[in-house]
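Engineer: Submitted below is the structure of interest, expressed as structure tokens.
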Number of protein chains: 4
Amino acid sequence: MPLDTAPSDIADYFSRVRAHSEALCEPLEVEDYGLQSMPDTSPAKWHLAHTTWFYEQLVLWPFAKGYKVYHPEFAAIFNSYYESLGTLFTRAERGVLSRPTVAEVYNYRAYVDGAMAALLADAMHPDRAEIISRTILGLNHEQQHQELLLTDIKHAFYKNPLKPAYKVAEPAAPTGTPGKEGWLAFTAGVQQIGFEGPGFAYDNETPRHKVYMDAYALADRLVTNGEYLEFIEAGGYRDPDLWLSDAWALLGQEGWHAPLYWQKTEDGWTAMTLCGMQPLDTAAPVCHVSFYEAAAYARWRGRRLPTEAEWEHAVATELGRGNLYSPDSLAPQPAAGGSRQFFGDVWEWTASPYTEYPGYHRQSGPFGEYNGKFMSSQMVLRGGSCLTPADHIRPTYRNFFYPHIRWQYSGIRLAEDRK
Amino acid sequence: MPLDTAPSDIADYFSRVRAHSEALCEPLEVEDYGLQSMPDTSPAKWHLAHTTWFYEQLVLWPFAKGYKVYHPEFAAIFNSYYESLGTLFTRAERGVLSRPTVAEVYNYRAYVDGAMAALLADAMHPDRAEIISRTILGLNHEQQHQELLLTDIKHAFYKNPLKPAYKVAEPAAPTGTPGKEGWLAFTAGVQQIGFEGPGFAYDNETPRHKVYMDAYALADRLVTNGEYLEFIEAGGYRDPDLWLSDAWALLGQEGWHAPLYWQKTEDGWTAMTLCGMQPLDTAAPVCHVSFYEAAAYARWRGRRLPTEAEWEHAVATELGRGNLYSPDSLAPQPAAGGSRQFFGDVWEWTASPYTEYPGYHRQSGPFGEYNGKFMSSQMVLRGGSCLTPADHIRPTYRNFFYPHIRWQYSGIRLAEDRK
Amino acid sequence: MPLDTAPSDIADYFSRVRAHSEALCEPLEVEDYGLQSMPDTSPAKWHLAHTTWFYEQLVLWPFAKGYKVYHPEFAAIFNSYYESLGTLFTRAERGVLSRPTVAEVYNYRAYVDGAMAALLADAMHPDRAEIISRTILGLNHEQQHQELLLTDIKHAFYKNPLKPAYKVAEPAAPTGTPGKEGWLAFTAGVQQIGFEGPGFAYDNETPRHKVYMDAYALADRLVTNGEYLEFIEAGGYRDPDLWLSDAWALLGQEGWHAPLYWQKTEDGWTAMTLCGMQPLDTAAPVCHVSFYEAAAYARWRGRRLPTEAEWEHAVATELGRGNLYSPDSLAPQPAAGGSRQFFGDVWEWTASPYTEYPGYHRQSGPFGEYNGKFMSSQMVLRGGSCLTPADHIRPTYRNFFYPHIRWQYSGIRLAEDRK
Amino acid sequence: MPLDTAPSDIADYFSRVRAHSEALCEPLEVEDYGLQSMPDTSPAKWHLAHTTWFYEQLVLWPFAKGYKVYHPEFAAIFNSYYESLGTLFTRAERGVLSRPTVAEVYNYRAYVDGAMAALLADAMHPDRAEIISRTILGLNHEQQHQELLLTDIKHAFYKNPLKPAYKVAEPAAPTGTPGKEGWLAFTAGVQQIGFEGPGFAYDNETPRHKVYMDAYALADRLVTNGEYLEFIEAGGYRDPDLWLSDAWALLGQEGWHAPLYWQKTEDGWTAMTLCGMQPLDTAAPVCHVSFYEAAAYARWRGRRLPTEAEWEHAVATELGRGNLYSPDSLAPQPAAGGSRQFFGDVWEWTASPYTEYPGYHRQSGPFGEYNGKFMSSQMVLRGGSCLTPADHIRPTYRNFFYPHIRWQYSGIRLAEDRK
């Protein structure tokens with residue numbers, strides 16, 4: 001969405017994104033809003049309030065004349081990581097915040113939404129461009145938290161022996177098994193990657209820059225659960241030759257022997273989904289694997305993971321939008337109808353550590369904290385997942401997580417060298 | 001309450017205790033029921049359900065013909081520590097159990113209460129004596145959890161920067177400052193301690209047995225906040241000579257410099273209470289100190305802590321009931337009107353490690369797990385606190401916690417040797 | 001040794017104990033002197049220097065006119081736990097101190113020994129009584145470290161896959177298997193325990209005081225390896241009913257399934273000894289068990305552990321000295337020739353937590369740190385082991401370790417109630 | 001050294017490298033050989049034996065007919081990380097291995113050296129090319145451990161309050177202060193980096209490949225201690241804006257406020273060196289900083305760190321060899337005489353995570369474990385240090401450590417973008 005968006009558009013856009021966060025919470029009981037099942041996750045209530053605080057702190061406070069903050073302590077509670085904006089409440093203890101209650105958090109949202117509506121309606125505001133720019137950043141930020149809200153609820157529900165379902169499963173249509181993957185080949189040369197307007201992108205996607213790539217090929221679909229099961233059954237988790245050194249140490253500590261959420265039962269493999277425990281769909285893309293597992297699987301197959309430049313170059317002409325968020329489908333789907341699955345289904349681990357692009361300069365202050373300060377020891381993922389809002393993904397979009405992380409919808413696409 | 005209680009009495013007793021648990025929860029929001037702020041504490045909802053499961057598992061299941069458990073998975077969730085009764089859900093993760101919801105837990109309680117009422121009404125049941133005996137144990141068990149429910153909520157609320165109040169504070173009557181403590185002296189000799197009917201007691205209070213005691217004296221009231229403040233201000237927390245070795249190491253790790261919940265503000269010391277943060281009442285008994293702090297304070301005063309035998313012998317003829325649980329007073333109160341504060345206000349740390357009495361034999365199975373298996377590395381506390389139900393305390397009652405524990409209402413009474 | 005010891009005696013005594021420490025090190029390579037295999041243990045070199053520093057700090061420095069410390073930094077390195085005497089070097093990192101070298105530590109010993117000899121020869125010294133008193137304390141302190149030196153070397157050697165031997169094993173004479181234990185019975189009544197001169201004892205053995213004991217009986221020998229093996233084979237380590245709660249949690253964490261140092265091989269059970277790995281002698285007393293294991297074993301047998309008062313009362317008339325340290329026998333031996341094994345072989349875990357005796361007052365300063373500050377969360381052991389110097393044990397001697405400790409020579413004697 | 005080396009040369013090369021390891025140990029006391037001061041470091045004795053085991057395992061065992069291993073257990077002790085070659089002894093516990101003794105390790109070295117000499121003299125051996133190739137790898141491996149041996153000893157000596165010196169310091173010539181750094185500029189374009197024979201290189205330096213680089217400039221010397229001190233004094237360690245997120249969290253945990261080994265005294269800053277504690281030389285390059293500190297410093301200066309491609313391209317025509325290992329100079333030296341300090345002095349942190357080059361394929365088995373399995377979460381360092389053997393460094397050489405590591409001789413060179 002370009003920065004010259006007309007007033008009605010930005011207001012619409014704002015309402016639409018804000019409403020979506022709340023729609024996602026409809027299936028939740030009051031008790032579910034407060035869950036934090038590990039330090040990496042946050043309660044749904046916290047996601048709702050933190051995204052709201054973002055507008056209050058970075059848009060309303062500086063630009064809405066006479067704005068009064070909803071509650072003076074909320075900044076301390078709902079600031080996530082902006083060291084520049086004050087003391088942080090311990091991340092791992094967000095689950096202990098029973099107050100503000102869910103009802104009060106919705107009040108907080110309504111209060112901020114009202115103030116934002118007024119501000120966005122003020123077409124003559126002297127800082128209008130900056131207001132719109134920060135609002136758009138805030139909306140993209142909220143969309144990221146929409147995906148996290150779902151992944152975090154899934155994790156918390158999995159910890160409960162009752163294995164609650166976020167949504168009642170509908171009878172699944174039988175799916176065929178995809179055939180062997182094909183390969184999309186690309187020739188060597190200097191290419192360009194990175195974002196260049198118009199429209200919104202995060203700073204970490206810029207500047208657009210040249211990159212030299214050797215010839216390569218990418219698989220034309222994602223690795224499936226069935227294929228990954230072969231790796232498990234072939235003893236993949238027990239062969240040190242396949243694993244990075246850090247990964248092998250972690251395997252010993254954690255006892256991993258399958259993706260997160262998989263459980264072997266008398267009736268075969270099952271996996272936790274947003275519809276509770278379900279039989280494993282061998283045709284669907286493997287999901288909830290770490291970078292370490294993705295890399296070990298690729299090595300076992302005699303292949304490798306794509307670099308982020310290879311991936312971005314390959315999708316430059318991709319048209320299909322893929323299986324992104326839709327309330328009717330909250331799980332990765334088998335490749336069908338020629339889909340290459342580049343967008344949606346699962347975030348694809350790349351072989352690229354998350355670093356700054358040539359020419360990137362991290363800003364000072366809160367906007368510099370958004371992306372730049374995380375550029376160490378994390379890996380880039382590309383393409384969005386089945387929980388990513390459809391208007392939130394781009395070919396240049398760079399997601400990033402530590403290589404051991406598994407609670408995100410993360411999967412595998414293979415790559416290989418070509419001459 | 002003797003085991004030959006008439007049917008109407010036991011049913012009454014059951015209803016009364018059960019209702020009290022629910023009354024304690026009235027001030028809670030739905031969101032508050034799920035909080036677990038550290039591994040030692042449990043959510044209010046869990047206390048409500050766990051105490052219910054106790055009757056289901058140990059009374060209804062074995063004795064109520066045709067009884068159907070409310071939910072087959074609840075045993076896994078609401079069993080606390082009975083290794084003999086199946087796999088335990090990880091204690092530290094009780095906060096992640098958003099389901100069953102609060103409403104469903106109340107349903108569970110109603111379901112079990114109904115079945116219990118029917119069973120207790122069956123005066124001809126062949127196992128009636130055992131049923132009553134186990135029910136009485138269950139009710140005492142529930143009373144213990146009533147106190148924990150409040151101490152656990154207080155801890156969770158303290159973690160919240162909003163410092164919510166469980167109850168709105170009423171304007172406090174001004175209290176005078178107690179004068180210097182007097183001493184109650186006892187002569188040397190063989191005495192008897194321990195429980196001997198009629199009525200209920202835990203197995204760890206038995207058998208009644210002889211003990212030789214040298215001459216000693218006990219202070220005639222508890223140590224006050226004001227007195228403890230002198231210890232702090234005299235550098236007590238920085239003088240290794242005063243502390244046990246384990247304590248000194250812990251001080252270094254935890255940075256303790258005052259009792260739990262104390263905060264120094266510009267306006268003087270304040271402390272968290274069930275009515276939120278309040279100015280420190282220097283006349284009231286010091287509370288939320290560990291055994292380590294109690295022992296260091298006593299050493300600083302040139303005194304010592306009482307043994308549990310000394311304490312029990314001293315209170316044998318004590319008549320007053322003290323400041324036990326009452327909805328109008330949820331805090332320790334200054335000594336007044338000649339009260340010796342033996343019962344209520346705060347649990348009193350003794351110098352006695354929690355071990356078995358001579359002649360005690362820990363049973364096998366769940367009843368043996370109730371008390372006996374905790375007899376290592378914990379210290380005995382005596383007398384009950386301002387949160388203890390008034391019909392739950394006895395001169396022979398032995399409470400026990402690890403020496404570093406501070407979230408209970410625990411305080412200090414001094415003792416000294418006499419010739 | 002009484003405090004009125006004539007000059008030549010104290011000098012003799014001093015030389016004898018000092019020489020013994022060095023004799024114990026004869027089998028060591030230079031490399032062995034620096035080993036620290038866990039935070040609980042210390043390098044042999046450190047034991048040699050720390051015991052030396054004790055005289056320097058507490059005898060020579062205050063009383064030897066013009067005494068010059070050997071090295072100003074040694075206090076920082078070789079002070080073990082006297083908070084009152086300055087900053088401590090981190091206990092867990094003693095293994096990193098390659099300097100001073102072994103040769104220099106022996107120089108240090110010679111230097112201090114020379115100064116001590118001169119001081120002890122000064123029969124007219126105005127503080128002679130205090131000098132002798134502190135020297136005797138220092139010698140007893142050194143004897144404690146003599147035992148630790150051996151237990152620590154054993155632990156370090158066990159960690160080495162080469163399993164070095166401190167001493168070459170001599171062919172063992174075949175031992176018979178002791179028959180079923182008999183019982184030594186004692187009647188109820190008030191008894192006295194605790195030390196009352198003449199001679200040396202630690203402050204924690206005093207004052208002598210009255211204790212009421214019910215009737216009881218003690219086994220007339222220690223539990224054997226063979227008997228303990230029956231417990232293992234009966235599934236003792238897998239039955240939660242037998243274990244204290246803390247113990248059961250530890251079992252889960254540590255995976256204990258036999259005493260420390262036991263290994264099951266194709267040829268049966270073996271155990272680490274000071275002569276390297278050796279076949280398990282089923283007739284010898286079980287050793288290297290924790291209090292938790294001792295208590296679980298006793299419970300499995302339907303018995304219990306003795307209290308320290310019961311133990312002390314029982315040995316009051318014991319004449320035999322038992323299998324204490326001798327260079328020819330560095331292992332517990334099977335009961336033979338009517339020995340009741342009260343002294344030597346293994347330290348016997350009692351059911352008594354380590355607390356202060358009635359009337360005990362912990363001193364201020366370094367002498368108060370010797371014993372008193374450890375009086376929490378530890379258990380008393382009695383009787384000495386096969387590594388304890390023969391003139392270092394008494395009926396009143398109280399050793400103490402945490403209930404999970406296993407690297408000491410600790411074993412089991414059963415007790416039972418009598419009418 | 002090319003693989004077609006004539007027999008006498010390889011034998012010479014072997015003897016020279018082997019002798020150097022032993023020469024480095026000459027200043028050590030027997031006690032020093034066993035020190036392990038943290039899990040990242042290893043005892044000198046272990047370095048000596050592990051490098052020896054490498055030839056035994058990978059050269060002698062497969063190729064020397066009738067070769068008998070020196071000791072069957074040594075593989076278990078001296079294998080460092082080759083999962084494919086058997087069970088590993090716990091890395092963090094190498095300090096507990098007093099046996100084999102130092103003398104026996106030297107015997108082991110002599111035994112293997114003899115066998116290697118015989119094998120290398122056999123010019124007709126059918127596997128001669130492979131033998132030479134593996135031997136050269138082994139010698140490079142040993143050279144890496146030569147540097148580690150010194151960094152590890154320095155770390156262990158620093159932990160000792162006596163702060164021993166590896167070498168007696170000689171009076172230092174006064175050094176001037178380098179002026180402001182100049183800049184070496186490079187234009188944009190496709191360049192080639194990576195190794196392409198003849199001679200030896202590690203697999204991770206291959207294949208030589210194309211890389212597109214934007215225009216950039218590198219500082220013509222390293223950042224000095226004096227310059228880094230300005231960063232400290234300006235509050236650099238307290239400003240979250242300068243630090244990566246992982247770094248800021250670590251700062252909070254570790255309390256870093258200066259490079260490793262720096263201590264502020266009354267007389268100014270001092271730093272641990274191989275000659276003990278010495279006054280800080282402000283003209284010398286800053287050393288013992290982590291990647292996190294290097295990146296924060298660069299950000300504070302408005303600059304950045306070079307990528308490894310930029311660094312390698314810049315040094316392609318560099319002639320000087322720099323301040324590499326020499327027994328007379330064991331510390332980084334101030335830039336002088338036009339030296340650009342690309343080689344020697346300190347390893348230079350780059351902005352490049354350690355990943356595989358395009359076209360790199362990690363082998364299976366032990367040779368694949370040498371470098372490839374470490375390609376996650378580490379950063380590349382370039383150029384060697386003052387402890388690196390002079391014939392061990394190359395423009396293409398890639399060293400790698402985790403971003404928090406500080407005990408290596410690691411420093412900072414600045415870079416900036418150019419148009």
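To be explicit about the labels: the chains of the structure tokens are called A, B, and onward in the order shown, and within each one the residues are counted from 1, while ligands get numbers from 1 in the order they are shown.
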Identify, on the basis of only C-alpha atoms, every residue whose closest approach to Ile405 (chain C) does not exceed 6 Å; exclude the query and any residue fewer than 2 positions from it along the same chain; express the result as a VMD selection string.
Structural biologist: chain C and resid 290 402 to 403
Engineer: Restricting it to all heavy atoms, dump the selection as a compact mmCIF listing (two decimals), in the first residue's frame.
Structural biologist:
```txt
# COMPACT_ATOMS: atom_id res chain seq x y z
N SER C 290 23.80 -42.65 49.27
CA SER C 290 23.30 -41.41 49.85
C SER C 290 22.38 -41.73 51.03
O SER C 290 21.95 -42.86 51.21
CB SER C 290 22.52 -40.63 48.79
OG SER C 290 21.41 -41.40 48.39
N TYR C 402 25.06 -33.46 53.02
CA TYR C 402 23.72 -33.34 52.43
C TYR C 402 23.19 -34.73 52.09
O TYR C 402 23.96 -35.63 51.77
CB TYR C 402 23.76 -32.47 51.17
CG TYR C 402 24.01 -31.02 51.46
CD1 TYR C 402 25.27 -30.46 51.29
CD2 TYR C 402 22.98 -30.21 51.95
CE1 TYR C 402 25.50 -29.12 51.58
CE2 TYR C 402 23.21 -28.87 52.24
CZ TYR C 402 24.47 -28.33 52.05
OH TYR C 402 24.70 -27.01 52.35
N PRO C 403 21.88 -34.88 52.10
CA PRO C 403 21.32 -36.23 51.95
C PRO C 403 21.55 -36.88 50.58
O PRO C 403 21.36 -38.08 50.45
CB PRO C 403 19.81 -36.03 52.23
CG PRO C 403 19.55 -34.56 52.12
CD PRO C 403 20.85 -33.87 52.45
```
Engineer: List the spatial neighbours of Met272 (chain A) as a list in words - criterion: any atom at most 10 Å away, only C-alpha atoms, same-chain residues fewer than 6 positions off excluded.
Structural biologist: Lys154, His155, Phe157, Tyr158, Lys163, Pro164, Ala165, Leu260, Tyr261, Trp262, Gln263, Gln278, Pro279 and Leu280 of chain A
Engineer: What's the 12 Å shell around Phe200 (chain B), counting only C-alpha atoms, without same-chain residues fewer than 3 positions away, as a PyMOL selection string?
Structural biologist: chain B and resi 1-5+132-141+195-197+203-206+391-394+396-397
Engineer: Separation of CA of Ala336 (chain D) and CA of Pro395 (chain D), in Å?
Structural biologist: 21.0 Å
Engineer: Would you return as a ChimeraX atom specification the members of region 280-364 of chain D that DSSP assigns to strand (DSSP E) on this structure's backbone?
Structural biologist: /D:347-353
Engineer: Would you save the residues from that selection as a PDB file, in the first residue's frame, using C-alpha atoms?
Structural biologist:
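Heads up, here's the output in out_26.pdb:
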```pdb
ATOM      1  CA  TRP D 347      42.025 -12.215  13.954  1.00  0.00           C
ATOM      2  CA  GLU D 348      39.599  -9.760  12.390  1.00  0.00           C
ATOM      3  CA  TRP D 349      35.903 -10.298  12.958  1.00  0.00           C
ATOM      4  CA  THR D 350      33.961 -10.032   9.708  1.00  0.00           C
ATOM      5  CA  ALA D 351      30.279  -9.331   9.181  1.00  0.00           C
ATOM      6  CA  SER D 352      29.956 -12.749   7.516  1.00  0.00           C
ATOM      7  CA  PRO D 353      28.306 -15.720   9.180  1.00  0.00           C
TER       8      PRO D 353
END
```
